[in-house]
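For reference, coords32.txt (compact mmCIF, C-alpha atoms):
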```txt
# COMPACT_ATOMS: atom_id res chain seq x y z
CA MET V 24 -117.25 -23.95 -28.53
CA CYS V 25 -117.56 -21.43 -31.35
CA THR V 26 -118.24 -17.81 -30.53
CA GLY V 27 -119.71 -16.83 -33.89
CA LYS V 28 -120.82 -17.87 -37.32
CA ALA V 29 -119.14 -17.89 -40.67
CA ILE V 30 -120.37 -14.99 -42.77
CA TRP V 31 -120.47 -15.92 -46.46
CA LEU V 32 -121.04 -13.14 -49.00
CA PHE V 33 -121.81 -14.45 -52.48
CA GLY V 34 -122.87 -12.98 -55.81
CA LEU V 35 -121.57 -11.99 -59.23
CA SER V 36 -118.10 -10.60 -59.88
CA GLY V 37 -118.29 -6.86 -59.26
CA ALA V 38 -121.35 -7.01 -57.01
CA GLY V 39 -119.44 -5.67 -53.99
CA LYS V 40 -118.47 -8.79 -52.02
CA THR V 41 -114.81 -7.90 -51.46
CA THR V 42 -115.51 -4.25 -50.63
CA LEU V 43 -118.20 -5.12 -48.11
CA SER V 44 -116.34 -8.04 -46.55
CA THR V 45 -113.22 -5.91 -46.10
CA ARG V 46 -115.27 -3.26 -44.31
CA LEU V 47 -116.86 -5.90 -42.09
CA LEU V 48 -113.43 -7.30 -41.20
CA GLN V 49 -112.19 -3.83 -40.23
CA LYS V 50 -115.29 -3.23 -38.10
CA MET V 51 -114.93 -6.56 -36.31
CA LYS V 52 -111.26 -5.95 -35.59
CA GLY V 53 -112.25 -2.55 -34.18
CA LEU V 54 -114.60 -4.45 -31.85
CA ASN V 55 -111.72 -6.75 -30.83
CA LYS V 56 -113.32 -9.78 -32.51
CA LYS V 57 -111.09 -12.40 -34.08
CA ALA V 58 -112.03 -12.62 -37.74
CA MET V 59 -110.38 -13.60 -41.00
CA LEU V 60 -111.29 -12.67 -44.55
CA LEU V 61 -111.32 -15.52 -47.07
CA ASP V 62 -111.53 -13.75 -50.42
CA GLY V 63 -112.16 -16.01 -53.40
CA ASP V 64 -109.73 -14.15 -55.67
CA ILE V 65 -106.90 -14.41 -53.14
CA LEU V 66 -107.58 -18.08 -52.38
CA ARG V 67 -107.50 -18.87 -56.12
CA LYS V 68 -103.98 -17.43 -56.30
CA GLY V 69 -102.80 -19.61 -53.41
CA ILE V 70 -104.46 -22.64 -51.87
CA ASN V 71 -106.82 -23.11 -54.82
CA SER V 72 -104.37 -22.19 -57.60
CA ASN V 73 -104.63 -25.68 -59.08
CA LEU V 74 -108.35 -25.24 -59.78
CA GLY V 75 -109.95 -23.93 -62.94
CA PHE V 76 -113.53 -22.79 -63.50
CA SER V 77 -115.27 -26.00 -64.53
CA LYS V 78 -118.29 -26.94 -62.46
CA LYS V 79 -116.21 -29.65 -60.74
CA ASP V 80 -113.39 -27.20 -59.91
CA ARG V 81 -115.84 -24.55 -58.68
CA ASN V 82 -117.37 -27.17 -56.39
CA GLU V 83 -113.94 -28.08 -55.01
CA ASN V 84 -113.07 -24.39 -54.54
CA VAL V 85 -116.18 -23.85 -52.43
CA ARG V 86 -115.63 -27.11 -50.51
CA ARG V 87 -112.11 -26.07 -49.56
CA ILE V 88 -113.27 -22.64 -48.42
CA ALA V 89 -115.97 -24.27 -46.27
CA GLU V 90 -113.41 -26.62 -44.71
CA ILE V 91 -111.16 -23.64 -43.87
CA CYS V 92 -114.18 -21.95 -42.28
CA LYS V 93 -114.80 -25.05 -40.18
CA LEU V 94 -111.22 -24.94 -38.86
CA LEU V 95 -111.41 -21.22 -38.12
CA LEU V 96 -114.67 -21.62 -36.22
CA LYS V 97 -113.02 -24.24 -33.99
CA LEU V 98 -110.40 -21.60 -33.15
CA ASP V 99 -113.11 -19.02 -32.32
CA VAL V 100 -112.21 -16.99 -35.39
CA VAL V 101 -115.14 -15.66 -37.43
CA PRO V 102 -114.56 -16.44 -41.12
CA ILE V 103 -115.78 -13.80 -43.52
CA VAL V 104 -116.02 -15.26 -47.03
CA ALA V 105 -116.26 -13.29 -50.27
CA ALA V 106 -116.74 -15.83 -53.06
CA ILE V 107 -119.03 -15.95 -56.09
CA THR V 108 -120.45 -19.38 -55.11
CA PRO V 109 -122.68 -19.55 -58.19
CA TYR V 110 -124.43 -22.89 -57.69
CA GLU V 111 -127.22 -23.65 -55.26
CA LYS V 112 -125.88 -27.21 -54.85
CA ASP V 113 -122.56 -25.82 -53.60
CA ARG V 114 -124.25 -23.47 -51.14
CA GLU V 115 -126.16 -26.47 -49.79
CA MET V 116 -122.84 -28.34 -49.48
CA VAL V 117 -121.44 -25.46 -47.39
CA LEU V 118 -124.46 -25.72 -45.08
CA ASN V 119 -123.82 -29.44 -44.70
CA ILE V 120 -120.11 -28.96 -43.94
CA LEU V 121 -120.55 -26.16 -41.42
CA GLY V 122 -124.02 -26.86 -40.08
CA ARG V 123 -126.92 -24.52 -40.62
CA ASP V 124 -126.42 -22.86 -37.23
CA ASN V 125 -122.80 -21.97 -38.01
CA ILE V 126 -123.20 -19.87 -41.14
CA SER V 127 -125.01 -16.83 -42.45
CA PHE V 128 -125.22 -16.55 -46.21
CA ILE V 129 -125.65 -13.03 -47.56
CA TYR V 130 -126.49 -12.67 -51.23
CA ILE V 131 -124.87 -9.55 -52.67
CA GLU V 132 -127.36 -8.90 -55.41
CA CYS V 133 -126.43 -6.80 -58.43
CA PRO V 134 -127.50 -7.10 -62.08
CA VAL V 135 -124.86 -8.25 -64.58
CA LEU V 136 -125.00 -4.96 -66.49
CA GLU V 137 -124.18 -2.98 -63.34
CA CYS V 138 -121.38 -5.40 -62.44
CA GLU V 139 -119.93 -4.87 -65.92
CA LYS V 140 -119.89 -1.09 -65.36
CA ARG V 141 -117.90 -1.60 -62.14
CA ASP V 142 -115.41 -4.03 -63.70
CA PRO V 143 -111.91 -2.53 -63.21
CA LYS V 144 -110.15 -5.71 -64.38
CA GLN V 145 -112.19 -5.87 -67.61
CA LEU V 146 -113.19 -9.45 -66.81
CA TYR V 147 -116.66 -9.15 -68.32
CA LYS V 148 -115.26 -7.65 -71.52
CA ARG V 149 -112.71 -10.47 -71.78
CA ALA V 150 -115.44 -13.04 -71.11
CA ARG V 151 -117.71 -11.57 -73.79
CA THR V 152 -114.90 -11.76 -76.35
CA GLY V 153 -114.18 -15.38 -75.45
CA GLN V 154 -110.86 -14.72 -73.71
CA ILE V 155 -112.25 -16.07 -70.42
CA LYS V 156 -114.25 -19.31 -70.49
CA ASN V 157 -116.91 -20.33 -67.97
CA PHE V 158 -117.31 -16.79 -66.62
CA THR V 159 -120.21 -16.52 -64.20
CA GLY V 160 -122.98 -14.29 -65.52
CA VAL V 161 -121.71 -14.43 -69.12
CA SER V 162 -120.79 -17.95 -70.28
CA ASP V 163 -121.75 -19.77 -67.08
CA VAL V 164 -124.83 -19.49 -64.89
CA PHE V 165 -125.32 -17.86 -61.54
CA GLU V 166 -128.16 -19.60 -59.77
CA VAL V 167 -130.17 -17.06 -57.83
CA PRO V 168 -130.52 -18.48 -54.32
CA VAL V 169 -133.60 -20.36 -53.23
CA LEU V 170 -132.32 -21.35 -49.78
CA PRO V 171 -133.10 -19.01 -46.90
CA HIS V 172 -130.63 -16.15 -47.00
CA GLN V 173 -130.27 -12.45 -46.45
CA THR V 174 -129.83 -10.09 -49.37
CA ILE V 175 -128.08 -6.77 -49.88
CA ALA V 176 -128.92 -5.19 -53.22
CA THR V 177 -125.99 -2.97 -54.21
CA ALA V 178 -126.97 -1.61 -57.63
CA ASN V 179 -128.74 1.58 -56.55
CA LYS V 180 -127.16 2.24 -53.16
CA GLU V 181 -124.03 4.03 -52.02
CA ILE V 182 -121.35 1.83 -50.48
CA GLU V 183 -121.91 3.41 -47.04
CA GLU V 184 -125.58 2.36 -47.10
CA CYS V 185 -124.67 -1.20 -48.12
CA THR V 186 -122.00 -1.32 -45.41
CA ALA V 187 -124.47 -0.18 -42.75
CA GLU V 188 -126.90 -2.85 -43.93
CA LEU V 189 -124.20 -5.52 -43.70
CA PHE V 190 -123.31 -4.42 -40.17
CA ARG V 191 -126.99 -4.62 -39.15
CA LEU V 192 -127.24 -8.16 -40.57
CA THR V 193 -124.04 -9.47 -38.99
CA LEU V 194 -123.14 -7.55 -35.86
CA SER V 195 -126.04 -8.62 -33.67
CA ARG V 196 -125.72 -10.65 -30.47
CA GLU V 197 -127.16 -13.67 -32.30
CA GLN V 198 -124.60 -13.39 -35.09
CA ILE V 199 -121.42 -12.51 -33.21
CA HIS V 200 -121.75 -13.73 -29.64
CA GLY V 201 -120.02 -11.80 -26.91
CA LEU V 202 -120.18 -8.26 -28.29
```
Give the structure from the file, written as C-alpha cells.
Amino acid sequence: MCTGKAIWLFGLSGAGKTTLSTRLLQKMKGLNKKAMLLDGDILRKGINSNLGFSKKDRNENVRRIAEICKLLLKLDVVPIVAAITPYEKDREMVLNILGRDNISFIYIECPVLECEKRDPKQLYKRARTGQIKNFTGVSDVFEVPVLPHQTIATANKEIEECTAELFRLTLSREQIHGL
C-alpha cells in the first residue's frame, strides 16, 4: 500500500520546477519521508538519453517518468517530478498510468518572457536563433492545463513565498500520509 502520492511539477523551462522540487525533497527528507526527485533534465542525460524533442519522444519521456513513479510508489517512496510536460494528452496519460488518486499535478506558471530572463543556460536565446529545435514556448507549444490541477505562479513572487505555497499544497495529511 502506498503512503503518498507522486507530486508532478510541470511548466516552462525556467519557471522554477527544479528549484521548488529540490526544496520539497529537502523538506520531506527533514520529515523522515522517503522521497526521490525525478528531474527531467537529469533523466534526459541518463535513462531518456535516446529521446529527442519530437512530440513522439516527449510522449515517451513522460511515459517513462510515470512508470518510474509507479515503481517508486509501490516501494512507499514519494516521487517528486520536475518535468516540462507540455501536452495535455501526456498529462492525461500520466493520470491513467498512476491513477488519479496517486498523483498531484502542480502547474508552475510563469510567462515565457520571465522564463527567458531567468535562463542561465541561454536555452531560449539558442531556440530563438534556431540552434535548438522544438523548444517549448518558442518553436513548440506549451498547452496550458485544462485538467484539475493546482497552480503556483512564480513570476512576481520571491522563491521563499513559492516554496511555502508548495509546502502548503503538498505536505498535508491527505497528500503525504503518516506525517
Using all atoms listed in the file, which of the listed residues (V:Gly63, V:Gly27, V:Pro134, V:Gly69) sits closest to Gly160 in chain V? V:Pro134
What are the closest atom pairs, with distances in Å to one decimal, for all residues of range 32-77 of chain V lying within 9 Å of range 113-129 of chain V? Consider only C-alpha atoms, order rows by chain and residue number, and present the result as a tab-separated table.
```
residue	atom	partner	partner_atom	distance
V:Leu32	CA	V:Ile129	CA	4.8
V:Phe33	CA	V:Ile129	CA	6.4
V:Gly34	CA	V:Ile129	CA	8.7
```
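Distance-wise, CA of Lys79 in chain V and CA of Leu96 in chain V end up 25.8 Å apart.
Rounded to one decimal, CA of Arg87 in chain V and CA of Arg67 in chain V lie 10.8 Å from each other.
Relative to CA of Asn157 in chain V, CA of Ile175 in chain V is found at 25.2 Å.
Using all atoms listed in the file, the nearest neighbour of Phe165 in chain V within the list V:Val135, V:Leu48, V:Leu43, V:Ile91 is V:Val135.
Proximity to range 184-186 of chain V at 10 Å, evaluated using all atoms listed in the file and with sequence-adjacent residues fewer than 4 positions away removed, yields V:Gly39, V:Thr42, V:Leu43, V:Ser44, V:Thr45, V:Arg46, V:Leu47, V:Ile131, V:Ile175, V:Ala176, V:Thr177, V:Ala178, V:Asn179, V:Lys180, V:Phe190, V:Arg191, V:Leu192.
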Mind checking which residues fall within 9 Å of Val101 in chain V, counting all atoms listed in the file, ignoring those fewer than 5 positions away in the same chain, and posting them as number ranges by chain? V: 25-30, 56-60, 92, 95-96, 199
Would you fill the gaps in range 147-158 of chain V so it has N, CA, C and O atoms, then print it as a PDB file, in the coordinates of the input?
```pdb
ATOM      1  N   TYR V 147    -115.448  -8.931 -67.528  1.00  0.00           N
ATOM      2  CA  TYR V 147    -116.660  -9.150 -68.320  1.00  0.00           C
ATOM      3  C   TYR V 147    -116.369  -8.944 -69.812  1.00  0.00           C
ATOM      4  O   TYR V 147    -116.816  -9.725 -70.651  1.00  0.00           O
ATOM      5  N   LYS V 148    -115.622  -7.910 -70.123  1.00  0.00           N
ATOM      6  CA  LYS V 148    -115.260  -7.650 -71.520  1.00  0.00           C
ATOM      7  C   LYS V 148    -114.474  -8.830 -72.092  1.00  0.00           C
ATOM      8  O   LYS V 148    -114.749  -9.282 -73.207  1.00  0.00           O
ATOM      9  N   ARG V 149    -113.509  -9.325 -71.332  1.00  0.00           N
ATOM     10  CA  ARG V 149    -112.710 -10.470 -71.780  1.00  0.00           C
ATOM     11  C   ARG V 149    -113.565 -11.725 -71.903  1.00  0.00           C
ATOM     12  O   ARG V 149    -113.367 -12.529 -72.815  1.00  0.00           O
ATOM     13  N   ALA V 150    -114.544 -11.883 -71.028  1.00  0.00           N
ATOM     14  CA  ALA V 150    -115.440 -13.040 -71.110  1.00  0.00           C
ATOM     15  C   ALA V 150    -116.335 -12.948 -72.341  1.00  0.00           C
ATOM     16  O   ALA V 150    -116.561 -13.941 -73.033  1.00  0.00           O
ATOM     17  N   ARG V 151    -116.815 -11.756 -72.628  1.00  0.00           N
ATOM     18  CA  ARG V 151    -117.710 -11.570 -73.790  1.00  0.00           C
ATOM     19  C   ARG V 151    -116.979 -11.757 -75.121  1.00  0.00           C
ATOM     20  O   ARG V 151    -117.600 -12.099 -76.115  1.00  0.00           O
ATOM     21  N   THR V 152    -115.671 -11.545 -75.124  1.00  0.00           N
ATOM     22  CA  THR V 152    -114.900 -11.760 -76.350  1.00  0.00           C
ATOM     23  C   THR V 152    -114.304 -13.161 -76.416  1.00  0.00           C
ATOM     24  O   THR V 152    -113.551 -13.473 -77.332  1.00  0.00           O
ATOM     25  N   GLY V 153    -114.633 -13.996 -75.434  1.00  0.00           N
ATOM     26  CA  GLY V 153    -114.180 -15.380 -75.450  1.00  0.00           C
ATOM     27  C   GLY V 153    -112.805 -15.612 -74.853  1.00  0.00           C
ATOM     28  O   GLY V 153    -112.305 -16.738 -74.859  1.00  0.00           O
ATOM     29  N   GLN V 154    -112.189 -14.565 -74.314  1.00  0.00           N
ATOM     30  CA  GLN V 154    -110.860 -14.720 -73.710  1.00  0.00           C
ATOM     31  C   GLN V 154    -110.912 -15.446 -72.376  1.00  0.00           C
ATOM     32  O   GLN V 154    -109.929 -16.048 -71.960  1.00  0.00           O
ATOM     33  N   ILE V 155    -112.052 -15.360 -71.685  1.00  0.00           N
ATOM     34  CA  ILE V 155    -112.250 -16.070 -70.420  1.00  0.00           C
ATOM     35  C   ILE V 155    -113.431 -17.008 -70.612  1.00  0.00           C
ATOM     36  O   ILE V 155    -114.522 -16.578 -70.979  1.00  0.00           O
ATOM     37  N   LYS V 156    -113.199 -18.278 -70.371  1.00  0.00           N
ATOM     38  CA  LYS V 156    -114.250 -19.310 -70.490  1.00  0.00           C
ATOM     39  C   LYS V 156    -114.920 -19.521 -69.141  1.00  0.00           C
ATOM     40  O   LYS V 156    -114.343 -19.278 -68.097  1.00  0.00           O
ATOM     41  N   ASN V 157    -116.148 -19.991 -69.185  1.00  0.00           N
ATOM     42  CA  ASN V 157    -116.910 -20.330 -67.970  1.00  0.00           C
ATOM     43  C   ASN V 157    -116.994 -19.167 -66.991  1.00  0.00           C
ATOM     44  O   ASN V 157    -116.845 -19.346 -65.782  1.00  0.00           O
ATOM     45  N   PHE V 158    -117.235 -17.969 -67.486  1.00  0.00           N
ATOM     46  CA  PHE V 158    -117.310 -16.790 -66.620  1.00  0.00           C
ATOM     47  C   PHE V 158    -118.741 -16.616 -66.122  1.00  0.00           C
ATOM     48  O   PHE V 158    -119.684 -16.483 -66.906  1.00  0.00           O
TER      49      PHE V 158
END
```
